[in-house]
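Novice: Submitted below is the structure of interest, expressed as structure tokens.
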2 protein chains.
Amino acid sequence: MATTLRIEAALEGAIARAAASEAPPRLASAMRHAVFPGGARLRPHLCLAVAAACGDEDGALAEGAAIAIELLHCASLVHDDLPCFDDADLRRGQPSVHAAFGQPLAVLAGDALIILAFDVLARAGAVAPARLPLLLTSVTRGVGMPGGIVAGQAWESEPEAPVETYHRAKTGALFVAATTCGAIAAGSNPGPWRALGDALGCAYQVADDLADAASSPEICGKPIGRDAALHRPSLVAELGLDGAFARLQSLVAQAVAAVPDCDGAKGLRDLVQMQATRLAPGHLARSAA
Amino acid sequence: MATTLRIEAALEGAIARAAASEAPPRLASAMRHAVFPGGARLRPHLCLAVAAACGDEDGALAEGAAIAIELLHCASLVHDDLPCFDDADLRRGQPSVHAAFGQPLAVLAGDALIILAFDVLARAGAVAPARLPLLLTSVTRGVGMPGGIVAGQAWESEPEAPVETYHRAKTGALFVAATTCGAIAAGSNPGPWRALGDALGCAYQVADDLADAASSPEICGKPIGRDAALHRPSLVAELGLDGAFARLQSLVAQAVAAVPDCDGAKGLRDLVQMQATRLAPGHLARSAA
């Protein structure tokens, strides 16, 4: 609970700074609309949990990385919802940014959130600048070209997309950024933390495919059935509902096993198990229990 | 000439890294299309000239900042050209990115170029991480909210925009980033360099208004008459052609006077005078000569 409040407060601080007095007020509102109320804030929780497991309990650098990654995630949702991509009018149970503010401000809100993410990182990095270059490149790797979430979205504009590359870029890369940045902020070697992010990213992608195929807009807070409508690769289409659910369970086990040995490994393994179990649409999880 | 080649080579290196083998090929092509062939590369030249005037002849950090700023400028052009903003099919004499690749890839190319800019900065910053936080926040200030180019573009979505705030954000802020980053990369105090960027940004904005009102698409390489068509604030509308041209000349003089005393001040003043004179549409400059 303390971590949840900490994440919301840090996001609030960043958004408030962007909305300073000379700011164009509608863009400031659009940015706030994109970030609040949030979803589960999975990625910043993961980043902070890894930093804590590495012995960094309340470091400003880990918090900056966590917030930056969440802002980048929010930016990607704003742009993905645009009419030229998913054309989704609903997000987290409220109008998407372009539905509420129009396309120009939705494009700009996404841009401004990307820039704000790096501003947050830069300010946090002032306490330990020696860690900043690696932290920054770990974030850019998760969001940019050639293999981050922007690349993942772009695979939908290619005549053919290798499914694994597509999913790894669209979803996995930012989870990997979350785990590796938590380690870097704590002064640990990020390498061993990649596998955890990778497994969680895959698990999240399968959960998202399941929700799109088997849930309702009320539960999801966004339109469903979009993968089939947009002919996007989906694990459900490939394996069926039961097969995809079994895959989710195996990926969660893989994620738990991927937590490297460190002082806080036991607590982090429990947390991963608990959080990951929540990913599946409720009725599927119950029927499997 | 050497500096021009150096800028193009560094941009080429960044774009090539983004287009590594696992990249979605069409987005990689769209990014390249957005950056090459370039315009005058005014901002990176300015950044490197300030760094050199401060005694930093061939620093990797100044080069990274210069390239990052140019990539951010290119990203802003790609998004500004989109149908929901200027709806411009022509840029630098060739199809704009959305005209050539479609809207989805134009949105993503802009996003990817923004992220690439920070990746370039991060890599360059590894040689002098202590300078990186201030360098990064100087760049984010020039492009993000509340007063950078994203804010400038967003003022066009407000019912009323204060003209000076609008121009300072839309154009001036990135010139200020170019001068201050040149100084920071060289280890100098950026404060005294703000005025030069500010004056050059204003001069460039007046020159752009003049070109939009008095030039031709062949000379401009983009559609003209857009300010009037889109009801954007324009100095030409306010002062007339002659008045706007006189304002340009006075801003150039102001820029020259704003170069702070430093080892390379004389050379930089000559360069500013020469470059700034080239900004005015040719026939206006000739008729005034």
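As shown in the structure tokens, the chain order sets the letters A, B, ...; within each chain, residues go from 1, and ligands are also counted from 1 in the order they appear.
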Tell me the residues of chain B close to chain A, meaning within 7 Å using only C-alpha atoms, as a PyMOL selection string.
Specialist: chain B and resi 18-20+22-24+26-27+84-85+103-105+108+111-112+115-116+119+122-123+125-126+129-130+133+136-137+140+144-147+150-151+154-155+158
Novice: Write out the residues from the selection above, keeping C-alpha atoms, as a PDB file, in the first residue's frame.
Specialist:
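New file out03.pdb:
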ATOM      1  CA  ALA B  18      17.772   2.082 -34.700  1.00  0.00           C
ATOM      2  CA  ALA B  19      17.455   0.003 -37.870  1.00  0.00           C
ATOM      3  CA  ALA B  20      19.357  -3.019 -36.517  1.00  0.00           C
ATOM      4  CA  GLU B  22      15.464  -7.183 -35.530  1.00  0.00           C
ATOM      5  CA  ALA B  23      13.776  -3.824 -36.341  1.00  0.00           C
ATOM      6  CA  PRO B  24      10.467  -3.633 -38.226  1.00  0.00           C
ATOM      7  CA  ARG B  26       9.096  -0.049 -42.618  1.00  0.00           C
ATOM      8  CA  LEU B  27       9.439   1.971 -39.421  1.00  0.00           C
ATOM      9  CA  CYS B  84      -4.676  16.388 -37.661  1.00  0.00           C
ATOM     10  CA  PHE B  85      -2.210  19.335 -37.542  1.00  0.00           C
ATOM     11  CA  GLN B 103      -0.271   7.843 -40.520  1.00  0.00           C
ATOM     12  CA  PRO B 104       0.501   4.912 -38.178  1.00  0.00           C
ATOM     13  CA  LEU B 105       4.157   4.825 -39.175  1.00  0.00           C
ATOM     14  CA  LEU B 108       5.575   5.889 -34.574  1.00  0.00           C
ATOM     15  CA  ASP B 111       7.917   8.633 -31.201  1.00  0.00           C
ATOM     16  CA  ALA B 112      10.935   6.536 -32.133  1.00  0.00           C
ATOM     17  CA  ILE B 115      13.365   8.118 -27.889  1.00  0.00           C
ATOM     18  CA  LEU B 116      16.427   7.805 -30.139  1.00  0.00           C
ATOM     19  CA  ASP B 119      19.432   7.227 -26.417  1.00  0.00           C
ATOM     20  CA  ALA B 122      22.753   8.696 -22.893  1.00  0.00           C
ATOM     21  CA  ARG B 123      25.504   7.057 -24.922  1.00  0.00           C
ATOM     22  CA  GLY B 125      26.957  11.047 -21.663  1.00  0.00           C
ATOM     23  CA  ALA B 126      28.902   7.951 -20.673  1.00  0.00           C
ATOM     24  CA  PRO B 129      28.111  11.448 -16.667  1.00  0.00           C
ATOM     25  CA  ALA B 130      28.378  14.325 -14.187  1.00  0.00           C
ATOM     26  CA  PRO B 133      21.568  15.443 -15.748  1.00  0.00           C
ATOM     27  CA  LEU B 136      19.168  16.179 -20.295  1.00  0.00           C
ATOM     28  CA  THR B 137      16.949  18.654 -18.452  1.00  0.00           C
ATOM     29  CA  THR B 140      13.621  18.261 -22.107  1.00  0.00           C
ATOM     30  CA  GLY B 144       8.549  19.117 -23.496  1.00  0.00           C
ATOM     31  CA  MET B 145       5.985  20.730 -21.264  1.00  0.00           C
ATOM     32  CA  PRO B 146       5.452  23.356 -19.993  1.00  0.00           C
ATOM     33  CA  GLY B 147       7.404  25.572 -22.426  1.00  0.00           C
ATOM     34  CA  VAL B 150       5.359  20.279 -27.785  1.00  0.00           C
ATOM     35  CA  ALA B 151       3.770  23.050 -25.713  1.00  0.00           C
ATOM     36  CA  ALA B 154      -0.382  22.575 -28.276  1.00  0.00           C
ATOM     37  CA  TRP B 155      -1.094  26.315 -28.103  1.00  0.00           C
ATOM     38  CA  GLU B 158      -6.216  26.428 -27.306  1.00  0.00           C
TER      39      GLU B 158
END
Novice: Report as a ChimeraX atom specification: the residues of range 38-230 of chain A with a DSSP assignment of alpha helix (DSSP H), based on the backbone of this structure.
Specialist: /A:42-53,60-80,97-101,103-125,132-143,149-154,163-167,173-185,194-214,217-220,226-229
Novice: Excluding same-chain residues fewer than 2 positions from range 258-260 of chain A, what lies within 12 Å of it counting only C-alpha atoms, as number ranges by chain?
Specialist: A: 46, 49-50, 53-54, 179-180, 183, 188-200, 251-256, 262-273
